[in-house]
file coords_16.cif (mmCIF, C-alpha atoms and all ligand atoms)
data_start
loop_
_atom_site.label_atom_id
_atom_site.label_comp_id
_atom_site.auth_asym_id
_atom_site.auth_seq_id
_atom_site.Cartn_x
_atom_site.Cartn_y
_atom_site.Cartn_z
CA MET P 1 -14.00 -10.84 14.36
CA THR P 2 -13.56 -8.15 11.70
CA ILE P 3 -15.77 -8.16 8.62
CA LEU P 4 -14.74 -6.17 5.56
CA SER P 5 -17.75 -5.85 3.31
CA LEU P 6 -16.99 -5.50 -0.38
CA PRO P 7 -19.63 -4.90 -3.04
CA GLN P 8 -19.56 -8.57 -4.16
CA TYR P 9 -18.49 -10.50 -1.06
CA ASP P 10 -17.31 -10.31 2.56
CA ILE P 11 -13.87 -10.94 4.03
CA SER P 12 -14.03 -12.18 7.61
CA ILE P 13 -10.93 -12.04 9.76
CA GLY P 14 -11.07 -14.09 12.96
CA PRO P 15 -12.21 -17.50 14.18
CA ILE P 16 -14.21 -19.59 11.70
CA GLY P 17 -17.36 -20.84 13.43
CA VAL P 18 -21.10 -21.23 13.44
CA LYS P 19 -21.78 -17.98 11.55
CA HIS P 20 -19.71 -19.16 8.62
CA LEU P 21 -21.45 -22.52 8.56
CA ARG P 22 -24.89 -20.86 8.63
CA TRP P 23 -23.91 -18.59 5.76
CA LEU P 24 -22.69 -21.60 3.80
CA GLN P 25 -25.90 -23.54 4.43
CA ALA P 26 -27.93 -20.53 3.33
CA GLN P 27 -26.23 -20.60 -0.09
CA GLU P 28 -27.94 -23.96 -0.73
CA TYR P 29 -25.11 -25.26 -2.86
CA ALA P 30 -25.84 -28.59 -4.57
CA GLY P 31 -22.46 -29.85 -3.36
CA LEU P 32 -19.20 -28.79 -1.75
CA ALA P 33 -15.64 -29.75 -2.65
CA VAL P 34 -12.65 -28.82 -0.51
CA LEU P 35 -9.22 -28.39 -2.09
CA VAL P 36 -6.25 -29.10 0.20
CA ASP P 37 -2.56 -29.82 -0.19
CA GLU P 38 -0.72 -32.44 1.82
CA ASN P 39 0.12 -29.95 4.62
CA THR P 40 -3.23 -28.26 4.90
CA ALA P 41 -4.89 -31.70 4.81
CA GLU P 42 -2.92 -32.56 7.92
CA HIS P 43 -2.88 -29.25 9.81
CA CYS P 44 -5.90 -27.23 8.66
CA TRP P 45 -8.63 -29.57 7.47
CA PRO P 46 -9.08 -31.16 10.95
CA ARG P 47 -10.07 -27.69 12.25
CA LEU P 48 -12.84 -27.31 9.65
CA ALA P 49 -13.95 -30.90 9.18
CA PRO P 50 -16.18 -31.08 12.29
CA ASP P 51 -18.13 -27.98 11.18
CA LEU P 52 -18.40 -28.90 7.52
CA GLY P 53 -18.85 -32.66 7.92
CA GLY P 54 -22.63 -32.38 7.72
CA LEU P 55 -22.34 -30.99 4.19
CA ASN P 56 -20.59 -34.17 3.06
CA PRO P 57 -17.74 -32.37 1.28
CA GLN P 58 -15.65 -34.01 -1.40
CA LEU P 59 -11.97 -33.64 -0.41
CA ILE P 60 -9.54 -33.02 -3.30
CA ARG P 61 -5.95 -33.43 -2.20
CA ILE P 62 -2.88 -32.32 -4.18
CA PRO P 63 0.87 -32.16 -3.42
CA ALA P 64 2.14 -28.98 -1.72
CA GLY P 65 4.21 -26.25 -3.30
CA GLU P 66 4.61 -23.85 -6.20
CA ARG P 67 6.09 -26.71 -8.30
CA TYR P 68 2.57 -28.11 -8.63
CA LYS P 69 0.83 -24.87 -9.58
CA HIS P 70 0.42 -25.93 -13.18
CA LEU P 71 -1.97 -27.29 -15.75
CA ASP P 72 -1.50 -30.99 -14.90
CA THR P 73 -2.68 -30.35 -11.35
CA CYS P 74 -5.66 -28.39 -12.71
CA ARG P 75 -6.54 -31.34 -14.91
CA TYR P 76 -6.53 -33.54 -11.79
CA ILE P 77 -8.74 -31.07 -9.88
CA TRP P 78 -11.23 -30.81 -12.76
CA GLU P 79 -11.27 -34.62 -13.09
CA GLN P 80 -12.03 -34.94 -9.39
CA LEU P 81 -14.87 -32.42 -9.70
CA PHE P 82 -16.34 -34.31 -12.66
CA ALA P 83 -15.93 -37.63 -10.82
CA ALA P 84 -17.84 -36.18 -7.84
CA GLY P 85 -20.66 -35.16 -10.18
CA ALA P 86 -20.13 -31.45 -9.57
CA GLY P 87 -22.46 -29.13 -11.43
CA ARG P 88 -22.88 -25.38 -11.86
CA ASN P 89 -24.34 -24.99 -8.38
CA TRP P 90 -21.40 -26.53 -6.56
CA CYS P 91 -18.87 -24.62 -4.50
CA LEU P 92 -15.13 -25.19 -4.16
CA LEU P 93 -13.59 -24.24 -0.83
CA ASN P 94 -9.86 -23.56 -1.19
CA LEU P 95 -8.11 -24.39 2.08
CA GLY P 96 -4.44 -23.46 1.92
CA GLY P 97 -1.80 -20.92 1.02
CA GLY P 98 -1.55 -18.79 -2.08
CA VAL P 99 -0.91 -21.78 -4.33
CA ILE P 100 -4.17 -23.47 -3.36
CA GLY P 101 -6.09 -20.18 -3.52
CA ASP P 102 -4.72 -19.13 -6.93
CA MET P 103 -5.04 -22.56 -8.54
CA GLY P 104 -8.29 -23.60 -6.84
CA GLY P 105 -9.85 -20.26 -7.77
CA PHE P 106 -8.67 -20.67 -11.36
CA CYS P 107 -10.11 -24.20 -11.56
CA ALA P 108 -13.42 -23.07 -10.05
CA GLY P 109 -13.59 -19.95 -12.22
CA THR P 110 -13.29 -22.04 -15.38
CA PHE P 111 -15.10 -25.28 -14.40
CA LYS P 112 -18.32 -25.43 -16.45
CA ARG P 113 -17.76 -21.70 -17.13
CA GLY P 114 -17.42 -20.93 -13.45
CA ILE P 115 -18.67 -22.16 -10.11
CA ASP P 116 -18.53 -20.36 -6.77
CA PHE P 117 -15.45 -20.65 -4.62
CA ILE P 118 -14.56 -19.68 -1.06
CA GLN P 119 -11.02 -18.72 -0.11
CA VAL P 120 -9.88 -19.98 3.29
CA PRO P 121 -6.26 -18.76 3.34
CA THR P 122 -4.01 -20.55 5.82
CA THR P 123 -0.70 -18.70 5.38
CA LEU P 124 -0.02 -15.09 6.34
CA LEU P 125 0.88 -14.31 2.72
CA ALA P 126 -2.41 -15.70 1.48
CA GLN P 127 -4.44 -13.87 4.16
CA VAL P 128 -2.97 -10.42 3.56
CA ASP P 129 -2.31 -10.68 -0.14
CA ALA P 130 -3.21 -13.64 -2.35
CA SER P 131 -6.82 -14.10 -1.23
CA VAL P 132 -7.76 -10.45 -1.77
CA GLY P 133 -8.17 -8.88 -5.18
CA GLY P 134 -9.57 -11.65 -7.35
CA LYS P 135 -6.38 -12.56 -9.22
CA LEU P 136 -6.35 -16.28 -9.98
CA GLY P 137 -3.94 -18.33 -12.00
CA ILE P 138 -1.25 -20.88 -12.55
CA ASP P 139 2.32 -20.97 -13.82
CA PHE P 140 2.81 -21.93 -17.46
CA ASN P 141 6.09 -22.85 -19.17
CA ASP P 142 7.86 -21.78 -15.98
CA ILE P 143 6.42 -18.26 -16.16
CA LYS P 144 4.69 -17.44 -12.91
CA ASN P 145 0.97 -16.73 -12.98
CA SER P 146 0.96 -16.39 -16.76
CA ILE P 147 -2.41 -18.12 -17.29
CA GLY P 148 -5.39 -17.01 -15.24
CA LEU P 149 -8.31 -14.71 -14.75
CA PHE P 150 -9.78 -12.07 -12.49
CA GLN P 151 -12.76 -13.38 -10.54
CA ASP P 152 -14.11 -12.65 -7.07
CA PRO P 153 -14.69 -15.40 -4.53
CA ALA P 154 -18.07 -15.89 -2.85
CA ALA P 155 -16.35 -15.24 0.50
CA VAL P 156 -12.94 -15.06 2.17
CA TRP P 157 -12.54 -16.56 5.65
CA ALA P 158 -9.16 -15.57 7.11
CA ASP P 159 -8.52 -17.17 10.49
CA PRO P 160 -5.09 -16.38 12.02
CA ALA P 161 -5.42 -19.52 14.19
CA PHE P 162 -4.07 -21.41 11.16
CA PHE P 163 -0.68 -19.71 11.70
CA GLY P 164 -0.16 -21.98 14.72
CA THR P 165 1.21 -24.74 12.49
CA LEU P 166 2.86 -22.54 9.87
CA PRO P 167 6.68 -22.82 9.74
CA PRO P 168 8.19 -19.57 11.17
CA ARG P 169 10.02 -18.88 7.90
CA GLU P 170 6.68 -18.91 6.02
CA LEU P 171 5.19 -16.51 8.59
CA ARG P 172 8.13 -14.13 8.19
CA SER P 173 7.80 -14.31 4.42
CA GLY P 174 4.13 -13.27 4.52
CA PHE P 175 5.00 -10.43 6.88
CA ALA P 176 6.83 -8.65 4.02
CA GLU P 177 3.45 -7.85 2.44
CA ILE P 178 2.26 -6.24 5.69
CA VAL P 179 5.39 -4.07 5.65
CA LYS P 180 4.76 -3.20 2.00
CA HIS P 181 1.13 -2.23 2.62
CA ALA P 182 2.20 0.06 5.48
CA LEU P 183 4.99 1.66 3.45
CA ILE P 184 2.80 2.47 0.46
CA ALA P 185 -0.33 3.58 2.26
CA ASP P 186 -0.21 4.07 6.03
CA VAL P 187 2.60 5.93 7.75
CA ASP P 188 1.10 5.27 11.21
CA GLN P 189 1.19 1.52 10.57
CA TRP P 190 4.80 1.86 9.48
CA GLU P 191 5.67 3.74 12.68
CA GLN P 192 4.08 0.95 14.73
CA LEU P 193 5.92 -1.72 12.78
CA ARG P 194 9.24 -0.04 13.45
CA GLN P 195 8.69 -0.48 17.19
CA LEU P 196 8.07 -4.22 16.88
CA GLY P 197 10.10 -6.64 18.91
CA ASP P 198 9.62 -10.03 17.24
CA LEU P 199 7.01 -11.68 15.08
CA GLU P 200 6.01 -14.24 17.72
CA SER P 201 4.30 -11.64 19.88
CA MET P 202 2.22 -10.06 17.08
CA ASP P 203 -1.52 -9.63 17.40
CA TRP P 204 -2.13 -11.15 13.99
CA ALA P 205 -5.90 -10.66 13.84
CA THR P 206 -5.44 -6.88 14.07
CA TRP P 207 -2.47 -6.71 11.70
CA VAL P 208 -4.15 -8.92 9.10
CA ALA P 209 -7.37 -6.86 9.27
CA ASP P 210 -5.53 -3.52 8.91
CA SER P 211 -3.32 -4.78 6.14
CA VAL P 212 -6.13 -6.42 4.16
CA ALA P 213 -8.09 -3.17 4.45
CA ILE P 214 -5.28 -1.38 2.59
CA LYS P 215 -5.12 -3.94 -0.21
CA GLN P 216 -8.89 -4.07 -0.47
CA ARG P 217 -9.08 -0.26 -0.78
CA VAL P 218 -6.52 -0.27 -3.57
CA VAL P 219 -8.05 -3.11 -5.58
CA THR P 220 -11.59 -1.79 -5.22
CA GLU P 221 -10.49 1.43 -6.92
CA ASP P 222 -8.58 -0.39 -9.65
CA PRO P 223 -9.71 -4.03 -9.95
CA HIS P 224 -7.94 -4.77 -13.25
CA GLU P 225 -4.59 -3.15 -12.56
CA ARG P 226 -4.87 -0.21 -14.93
CA GLY P 227 -3.32 2.33 -12.55
CA LEU P 228 -3.46 2.63 -8.76
CA ARG P 229 -3.22 -1.14 -8.21
CA LYS P 230 0.33 -0.94 -9.47
CA ALA P 231 1.11 0.67 -6.10
CA LEU P 232 1.10 -2.86 -4.70
CA ASN P 233 4.10 -3.55 -6.90
CA PHE P 234 6.48 -1.65 -4.61
CA GLY P 235 9.52 -3.89 -4.01
CA HIS P 236 8.23 -6.45 -6.49
CA THR P 237 9.94 -5.37 -9.74
CA ILE P 238 13.39 -6.08 -8.32
CA GLY P 239 12.06 -8.59 -5.75
CA HIS P 240 10.48 -10.88 -8.34
CA ALA P 241 13.70 -10.87 -10.36
CA ILE P 242 15.68 -11.80 -7.23
CA GLU P 243 13.13 -14.55 -6.47
CA SER P 244 13.41 -15.96 -10.01
CA TYR P 245 17.21 -15.83 -9.93
CA PHE P 246 17.52 -17.72 -6.63
CA LEU P 247 14.80 -20.22 -7.54
CA PHE P 248 17.37 -22.34 -9.38
CA SER P 249 20.17 -21.85 -6.84
CA GLU P 250 21.08 -23.95 -3.82
CA THR P 251 19.56 -21.28 -1.57
CA PRO P 252 16.11 -20.46 -3.00
CA LEU P 253 14.37 -17.57 -1.26
CA LEU P 254 10.75 -17.50 -0.18
CA HIS P 255 8.62 -14.86 -1.90
CA GLY P 256 8.66 -12.41 1.02
CA GLU P 257 12.40 -12.78 1.56
CA ALA P 258 13.04 -11.78 -2.05
CA ILE P 259 10.51 -8.95 -1.82
CA ALA P 260 12.25 -7.62 1.31
CA ALA P 261 15.52 -7.38 -0.65
CA GLY P 262 13.57 -5.80 -3.54
CA MET P 263 12.04 -3.24 -1.17
CA ILE P 264 15.51 -2.21 0.05
CA ALA P 265 16.75 -1.70 -3.53
CA GLU P 266 13.58 0.14 -4.54
CA THR P 267 13.72 2.31 -1.41
CA TRP P 268 17.15 3.41 -2.62
CA LEU P 269 15.60 4.20 -6.05
CA SER P 270 12.89 6.16 -4.22
CA HIS P 271 15.59 8.19 -2.46
CA GLN P 272 17.37 8.86 -5.77
CA GLN P 273 14.34 9.65 -7.89
CA LEU P 274 11.69 11.04 -5.56
CA GLY P 275 13.73 12.53 -2.74
CA LEU P 276 12.68 10.05 -0.08
CA ALA P 277 14.55 11.34 3.00
CA ALA P 278 17.91 9.75 3.80
CA ALA P 279 16.66 9.03 7.34
CA ASP P 280 13.72 7.06 5.91
CA LEU P 281 16.02 5.12 3.58
CA LYS P 282 18.15 4.25 6.59
CA ALA P 283 15.19 3.27 8.80
CA ILE P 284 13.45 1.12 6.18
CA THR P 285 16.71 -0.62 5.23
CA ALA P 286 17.65 -1.31 8.87
CA PHE P 287 14.18 -2.67 9.67
CA LEU P 288 14.10 -5.05 6.70
CA LEU P 289 17.65 -6.27 7.38
CA ARG P 290 16.76 -6.90 11.03
CA ILE P 291 13.85 -9.15 10.05
CA TYR P 292 15.16 -10.78 6.86
CA GLY P 293 18.97 -10.67 7.07
CA HIS P 294 20.93 -10.34 3.87
CA GLN P 295 21.64 -12.42 0.78
CA ILE P 296 24.47 -11.30 -1.51
CA ILE P 297 23.45 -11.03 -5.17
CA PRO P 298 26.49 -11.85 -7.34
CA GLU P 299 27.33 -8.89 -9.55
CA ASP P 300 27.58 -11.11 -12.61
CA ALA P 301 23.91 -11.98 -12.04
CA PHE P 302 22.76 -8.37 -12.55
CA PRO P 303 22.20 -8.80 -16.35
CA THR P 304 20.04 -11.90 -15.68
CA LEU P 305 18.03 -9.97 -13.12
CA LEU P 306 17.54 -7.11 -15.59
CA GLU P 307 16.30 -9.60 -18.16
CA TYR P 308 13.73 -10.93 -15.66
CA MET P 309 12.63 -7.33 -14.98
CA ARG P 310 12.20 -6.66 -18.70
CA GLN P 311 9.84 -9.65 -18.91
CA ASP P 312 7.67 -8.36 -16.04
CA LYS P 313 4.08 -8.31 -17.29
CA LYS P 314 3.47 -4.99 -15.54
CA ASN P 315 5.73 -3.11 -18.01
CA GLU P 316 3.75 -1.15 -20.56
CA ASP P 317 6.54 -0.74 -23.11
CA SER P 318 10.21 -1.70 -23.21
CA ARG P 319 10.92 0.30 -20.04
CA ILE P 320 10.98 -1.32 -16.60
CA ASN P 321 8.11 -0.13 -14.42
CA PHE P 322 8.41 0.69 -10.70
CA SER P 323 6.18 1.92 -7.91
CA LEU P 324 8.28 4.07 -5.59
CA LEU P 325 7.92 5.95 -2.29
CA PRO P 326 8.19 9.74 -2.11
CA ALA P 327 7.71 9.28 1.66
CA PRO P 328 6.62 6.43 3.95
CA GLY P 329 2.86 5.93 3.51
CA ARG P 330 2.81 7.39 -0.01
CA VAL P 331 3.49 5.87 -3.41
CA GLU P 332 4.00 6.99 -6.98
CA VAL P 333 3.25 4.52 -9.79
CA ASN P 334 4.63 4.33 -13.34
CA ARG P 335 8.19 5.29 -12.50
CA THR P 336 10.94 3.89 -14.68
CA ALA P 337 14.68 3.46 -14.23
CA GLU P 338 17.57 2.84 -16.61
CA PRO P 339 19.58 -0.39 -16.30
CA GLU P 340 22.56 1.49 -14.87
CA GLU P 341 20.50 2.96 -12.06
CA ILE P 342 18.92 -0.43 -11.33
CA GLY P 343 22.45 -1.87 -11.11
CA GLN P 344 23.30 0.84 -8.57
CA ALA P 345 20.20 -0.05 -6.55
CA LEU P 346 21.31 -3.70 -6.46
CA ALA P 347 24.83 -2.60 -5.51
CA PHE P 348 23.33 -0.51 -2.67
CA TYR P 349 21.54 -3.65 -1.44
CA ASN P 350 24.78 -5.67 -1.62
CA GLN P 351 26.67 -3.00 0.37
CA GLN P 352 24.30 -3.59 3.28
CA ALA P 353 26.00 -6.96 3.90
CA MET P 354 28.84 -4.93 5.41
CA HIS P 355 26.65 -3.24 8.03
N1 LIG E 1 -3.45 -13.85 -6.31
C1 LIG E 1 -2.68 -12.95 -5.78
O1 LIG E 1 -2.99 -11.76 -5.76
C2 LIG E 1 -1.38 -13.37 -5.16
C3 LIG E 1 -0.67 -12.47 -4.38
C4 LIG E 1 0.51 -12.90 -3.78
C5 LIG E 1 0.96 -14.21 -3.97
N2 LIG E 1 0.22 -15.06 -4.75
C6 LIG E 1 0.67 -16.45 -4.96
O2 LIG E 1 0.71 -17.11 -3.70
C7 LIG E 1 1.62 -18.19 -3.78
C8 LIG E 1 2.44 -18.23 -2.52
O3 LIG E 1 1.57 -18.40 -1.43
P1 LIG E 1 2.06 -19.04 -0.04
O4 LIG E 1 3.30 -18.34 0.40
O5 LIG E 1 0.91 -19.09 0.84
O6 LIG E 1 2.60 -20.49 -0.51
P2 LIG E 1 1.98 -21.96 -0.40
O7 LIG E 1 0.57 -22.00 -0.77
O8 LIG E 1 2.93 -22.82 -1.17
O9 LIG E 1 2.13 -22.30 1.14
C9 LIG E 1 3.41 -22.37 1.73
C10 LIG E 1 3.63 -23.71 2.42
O10 LIG E 1 2.94 -23.71 3.66
C11 LIG E 1 2.09 -24.87 3.76
N3 LIG E 1 0.98 -24.48 4.61
C12 LIG E 1 -0.04 -23.66 4.26
N4 LIG E 1 -0.79 -23.37 5.34
C13 LIG E 1 -0.25 -24.05 6.38
C14 LIG E 1 -0.58 -24.13 7.76
N5 LIG E 1 -1.55 -23.40 8.29
N6 LIG E 1 0.19 -24.93 8.53
C15 LIG E 1 1.25 -25.61 8.02
N7 LIG E 1 1.62 -25.54 6.73
C16 LIG E 1 0.88 -24.76 5.92
C17 LIG E 1 1.77 -25.23 2.35
O11 LIG E 1 1.41 -26.58 2.23
C18 LIG E 1 3.10 -24.93 1.66
O12 LIG E 1 3.99 -25.99 1.84
C19 LIG E 1 2.44 -17.98 -5.03
O13 LIG E 1 2.04 -18.93 -6.00
C20 LIG E 1 2.06 -16.58 -5.49
O14 LIG E 1 2.11 -16.43 -6.88
C21 LIG E 1 -0.94 -14.67 -5.34
#
call {"tool": "encode", "arguments": {"input": "coords_16.cif", "output": "C-alpha cells", "more": "lines below"}}
Ligand SMILES: NC(=O)c1ccc[n+]([C@@H]2O[C@H](COP(=O)([O-])OP(=O)(O)OC[C@H]3O[C@@H](n4cnc5c(N)ncnc54)[C@H](O)[C@@H]3O)[C@@H](O)[C@H]2O)c1
result
Amino acid sequence: MTILSLPQYDISIGPIGVKHLRWLQAQEYAGLAVLVDENTAEHCWPRLAPDLGGLNPQLIRIPAGERYKHLDTCRYIWEQLFAAGAGRNWCLLNLGGGVIGDMGGFCAGTFKRGIDFIQVPTTLLAQVDASVGGKLGIDFNDIKNSIGLFQDPAAVWADPAFFGTLPPRELRSGFAEIVKHALIADVDQWEQLRQLGDLESMDWATWVADSVAIKQRVVTEDPHERGLRKALNFGHTIGHAIESYFLFSETPLLHGEAIAAGMIAETWLSHQQLGLAAADLKAITAFLLRIYGHQIIPEDAFPTLLEYMRQDKKNEDSRINFSLLPAPGRVEVNRTAEPEEIGQALAFYNQQAMH
C-alpha cells in the first residue's frame, strides 16, 4: 500500500481494507451515501459492501456514461440525499470512474454548501487523473466540464483490484494519462514504458502510485491552473478536439485514444517549435501507435477541429494554447501555434497511417 499525504487529505493506492474502514468510522459522519453507476453497482460495490455494511450506507444508483454527466442527474442525486435525510455532517462516497467522481464530487461540494466526499476511483483514468487535483464538474449545453468547482475530497482510495472487471479498452484509454505524466515529468518512467510488452502484465499498483505522484506534485504547486498545471494539458489541446469531433461519428473514441492521437500531433509541434530531437519524435510516435493504432482524421474536418481548439477554456486570449515537450520528461507551458502549423501537425498524424 502506498500513501501519498497531501496537506488536506491522503491518497491511498492499494487494497481497500480495515484501515480505511477504521478511518471512516473515526470521522463520525452522521450518515454515508454511496454513489454508483449501473456497472460499478454490479462489479465494484460488492467488494466494498461487506466492509461498509455496518455503516448502513444509502446507495444512490445512476445510469453509466458521460451522457448522464449533467444537471438532471445531479438533481436526482440531490433529491436522493434529501430523501435520505442527509445533513451537513454526511459523507458521499463516489464509487466509479471519472464521471461518478466528477459529478458526485460536484453534488457533494454544493449540497447544503458542501459535505465531505471520498473518491474511490474504479477506472485507470480516474485513479491516475480524475480523482487527483480537486476538479469537479458536469457537462452543460454539451460543453464538457463547463459547470463545476475546485474542492478537495476527504480521501482518495485507489485500489487497482477494481481493474479486474474493467473492459480492456477502458484500461488502455486510462493508460494514455500514465504516458503523458511520464513524458512531461519523468524521463526514467518514459524509458521504462518504452520497454513494455503489453498492458496485461503491468504492475498497476506501482504505475498508478508513480503516476499519481507526478500529478499530485504539479497540482499542489498550482491548484487553480494559473501556470504549471497547464503542463498536464500536453496532448489535450488537439486530443480534446479530436475527441469532440469523433463523439458524433460512428466510431467515437475513448478519451485516452483521442489524447494519444493528440500527443502524436503535439509531439510533432514540440519537434518544430522546441527542437525536440527527431529520434524522440520517432520513438514517442511509434510507441503510441503500437498501443493505440491509428484513426484517420478527414482533412475537411480540420477547420472543425480548429474551432473546437479555439473554444478550449485553457486559452487566455484568441490564441490556441499548448504545453509542449523540449525533451522527454520536460515541458514548456503557454506555447501557441498558428492554424496552418496545427494543420501540419494533424497532417503529420494522418501520415502515420502509412507506416
Ligand atoms: N476531474 C479531473 O481532473 C478529470 C481528469 C480527467 C478526466 N475527467 C473526467 O473523467 C471522465 C472519464 O472517466 P472514465 O474514463 O473513468 O469514464 P467513466 O466514469 O464513464 O467509466 C468508464 C466506464 O467504465 C465503467 N466502469 C467503471 N469502473 C468499472 C469497473 N471497475 N469495472 C467495470 N466497469 C467499470 C463505467 O460504468 C463506465 O461505463 C470524463 O467525464 C472526464 O471529463 C476528470
call {"tool": "residues_near_ligand", "arguments": {"input": "coords_16.cif", "ligand": "ligand LIG 1 (chain E)", "cutoff": "6 Å", "atoms": "only C-alpha atoms and all ligand atoms", "output": "list of chain:residue names"}}
result
P:Asp37, P:Asn39, P:Thr40, P:His43, P:Cys44, P:Ala64, P:Gly65, P:Glu66, P:Gly96, P:Gly97, P:Gly98, P:Val99, P:Ile100, P:Asp102, P:Thr122, P:Thr123, P:Leu125, P:Ala126, P:Asp129, P:Ala130, P:Gly133, P:Lys135, P:Leu136, P:Phe162, P:Phe163, P:Thr165, P:Leu166
call {"tool": "residues_near_point", "arguments": {"input": "coords_16.cif", "point": "(-15.9, -38.5, -4.5)", "cutoff": "12 Å", "atoms": "all atoms listed in the file", "output": "PyMOL selection string"}}
result
chain P and resi 31-34+56-61+77+79-86
call {"tool": "closest_atom_pairs", "arguments": {"input": "coords_16.cif", "of": "stretch 128-159 of chain P", "to": "stretch 305-320 of chain P", "cutoff": "12 Å", "atoms": "all atoms listed in the file", "output": "tab-separated table"}}
result
residue	atom	partner	partner_atom	distance
P:Ile143	CA	P:Gln311	CA	9.7
P:Lys144	CA	P:Asp312	CA	10.1
P:Asn145	CA	P:Lys313	CA	10.0
P:Ser146	CA	P:Lys313	CA	8.7
P:Ile147	CA	P:Lys313	CA	11.8
call {"tool": "closest_residue", "arguments": {"input": "coords_16.cif", "among": "P:Met263, P:Val187, P:Leu276, P:Ile291", "to": "P:Ala345", "atoms": "all atoms listed in the file"}}
result
P:Met263
call {"tool": "atom_distance", "arguments": {"input": "coords_16.cif", "atom1": "atom CA of P:His236", "atom2": "atom CA of P:Trp157"}}
result
26.1 Å
call {"tool": "closest_residue", "arguments": {"input": "coords_16.cif", "among": "P:Gly174, P:Pro121, P:Pro303, P:Pro339", "to": "P:Ala155", "atoms": "only C-alpha atoms"}}
result
P:Pro121
call {"tool": "closest_residue", "arguments": {"input": "coords_16.cif", "among": "P:Met103, P:Leu149, P:Ala209, P:Leu55", "to": "P:Cys74", "atoms": "all atoms listed in the file"}}
result
P:Met103
call {"tool": "atom_distance", "arguments": {"input": "coords_16.cif", "atom1": "atom CA of P:Glu266", "atom2": "atom CA of P:Glu332"}}
result
12.0 Å
call {"tool": "residues_around", "arguments": {"input": "coords_16.cif", "residues": "P:Ala279", "least_positions_apart": "3", "cutoff": "12 Å", "atoms": "all atoms listed in the file", "output": "MDAnalysis selection string"}}
result
chainID P and resid 267:268 271 275:276 282:286 327:328
call {"tool": "closest_residue", "arguments": {"input": "coords_16.cif", "among": "P:Ala154, P:Val333, P:Ile178, P:Leu254", "to": "P:Glu225", "atoms": "only C-alpha atoms"}}
result
P:Val333
call {"tool": "atom_distance", "arguments": {"input": "coords_16.cif", "atom1": "atom CA of P:Asp159", "atom2": "atom CA of P:Ile16"}}
result
6.3 Å
call {"tool": "residues_around", "arguments": {"input": "coords_16.cif", "residues": "stretch 293-300 of chain P", "least_positions_apart": "4", "cutoff": "7 Å", "atoms": "all atoms listed in the file", "output": "list of chain:residue names"}}
result
P:Leu289, P:Asn350, P:Ala353
call {"tool": "closest_residue", "arguments": {"input": "coords_16.cif", "among": "P:Leu171, P:Ile184, P:Met354, P:Ile242", "to": "P:Ala260", "atoms": "all atoms listed in the file"}}
result
P:Ile242
call {"tool": "residues_around", "arguments": {"input": "coords_16.cif", "residues": "P:Ile3", "least_positions_apart": "3", "cutoff": "7 Å", "atoms": "all atoms listed in the file", "output": "ChimeraX atom specification"}}
result
/P:10-13
call {"tool": "closest_residue", "arguments": {"input": "coords_16.cif", "among": "P:Leu324, P:Leu92, P:Ala108, P:Leu6", "to": "P:Ala213", "atoms": "all atoms listed in the file"}}
result
P:Leu6
call {"tool": "axis_aligned_box", "arguments": {"input": "coords_16.cif", "around": "stretch 109-112 of chain P", "padding_each_side": "5 Å", "output": "JSON"}}
result
{"center_x": -15.8, "center_y": -22.7, "center_z": -14.3, "size_x": 15.0, "size_y": 15.5, "size_z": 14.2}
call {"tool": "decode", "arguments": {"input": "coords_16.cif", "residues": "stretch 51-59 of chain P", "atoms": "N, CA, C and O atoms", "output": "PDB file, in the first residue's frame"}}
result
ATOM      1  N   ASP P  51     -17.558  -4.512   3.935  1.00  0.00           N
ATOM      2  CA  ASP P  51     -16.843  -3.659   4.893  1.00  0.00           C
ATOM      3  C   ASP P  51     -17.697  -2.493   5.377  1.00  0.00           C
ATOM      4  O   ASP P  51     -17.615  -2.079   6.534  1.00  0.00           O
ATOM      5  N   LEU P  52     -18.488  -1.937   4.462  1.00  0.00           N
ATOM      6  CA  LEU P  52     -19.208  -0.706   4.798  1.00  0.00           C
ATOM      7  C   LEU P  52     -20.620  -0.967   5.310  1.00  0.00           C
ATOM      8  O   LEU P  52     -21.290  -0.041   5.797  1.00  0.00           O
ATOM      9  N   GLY P  53     -21.063  -2.216   5.200  1.00  0.00           N
ATOM     10  CA  GLY P  53     -22.446  -2.550   5.544  1.00  0.00           C
ATOM     11  C   GLY P  53     -22.857  -2.056   6.921  1.00  0.00           C
ATOM     12  O   GLY P  53     -23.972  -1.566   7.121  1.00  0.00           O
ATOM     13  N   GLY P  54     -21.932  -2.145   7.873  1.00  0.00           N
ATOM     14  CA  GLY P  54     -22.227  -1.748   9.245  1.00  0.00           C
ATOM     15  C   GLY P  54     -22.589  -0.273   9.374  1.00  0.00           C
ATOM     16  O   GLY P  54     -23.217   0.145  10.354  1.00  0.00           O
ATOM     17  N   LEU P  55     -22.170   0.538   8.392  1.00  0.00           N
ATOM     18  CA  LEU P  55     -22.446   1.975   8.450  1.00  0.00           C
ATOM     19  C   LEU P  55     -23.804   2.307   7.824  1.00  0.00           C
ATOM     20  O   LEU P  55     -24.190   3.477   7.750  1.00  0.00           O
ATOM     21  N   ASN P  56     -24.494   1.261   7.358  1.00  0.00           N
ATOM     22  CA  ASN P  56     -25.835   1.435   6.799  1.00  0.00           C
ATOM     23  C   ASN P  56     -25.894   2.494   5.692  1.00  0.00           C
ATOM     24  O   ASN P  56     -26.695   3.431   5.752  1.00  0.00           O
ATOM     25  N   PRO P  57     -25.042   2.342   4.665  1.00  0.00           N
ATOM     26  CA  PRO P  57     -24.979   3.393   3.644  1.00  0.00           C
ATOM     27  C   PRO P  57     -26.225   3.437   2.767  1.00  0.00           C
ATOM     28  O   PRO P  57     -26.868   2.415   2.535  1.00  0.00           O
ATOM     29  N   GLN P  58     -26.510   4.635   2.293  1.00  0.00           N
ATOM     30  CA  GLN P  58     -27.618   4.849   1.371  1.00  0.00           C
ATOM     31  C   GLN P  58     -27.057   4.782  -0.049  1.00  0.00           C
ATOM     32  O   GLN P  58     -26.228   5.610  -0.428  1.00  0.00           O
ATOM     33  N   LEU P  59     -27.455   3.770  -0.835  1.00  0.00           N
ATOM     34  CA  LEU P  59     -26.917   3.606  -2.183  1.00  0.00           C
ATOM     35  C   LEU P  59     -27.689   4.491  -3.170  1.00  0.00           C
ATOM     36  O   LEU P  59     -28.915   4.444  -3.224  1.00  0.00           O
TER      37      LEU P  59
END
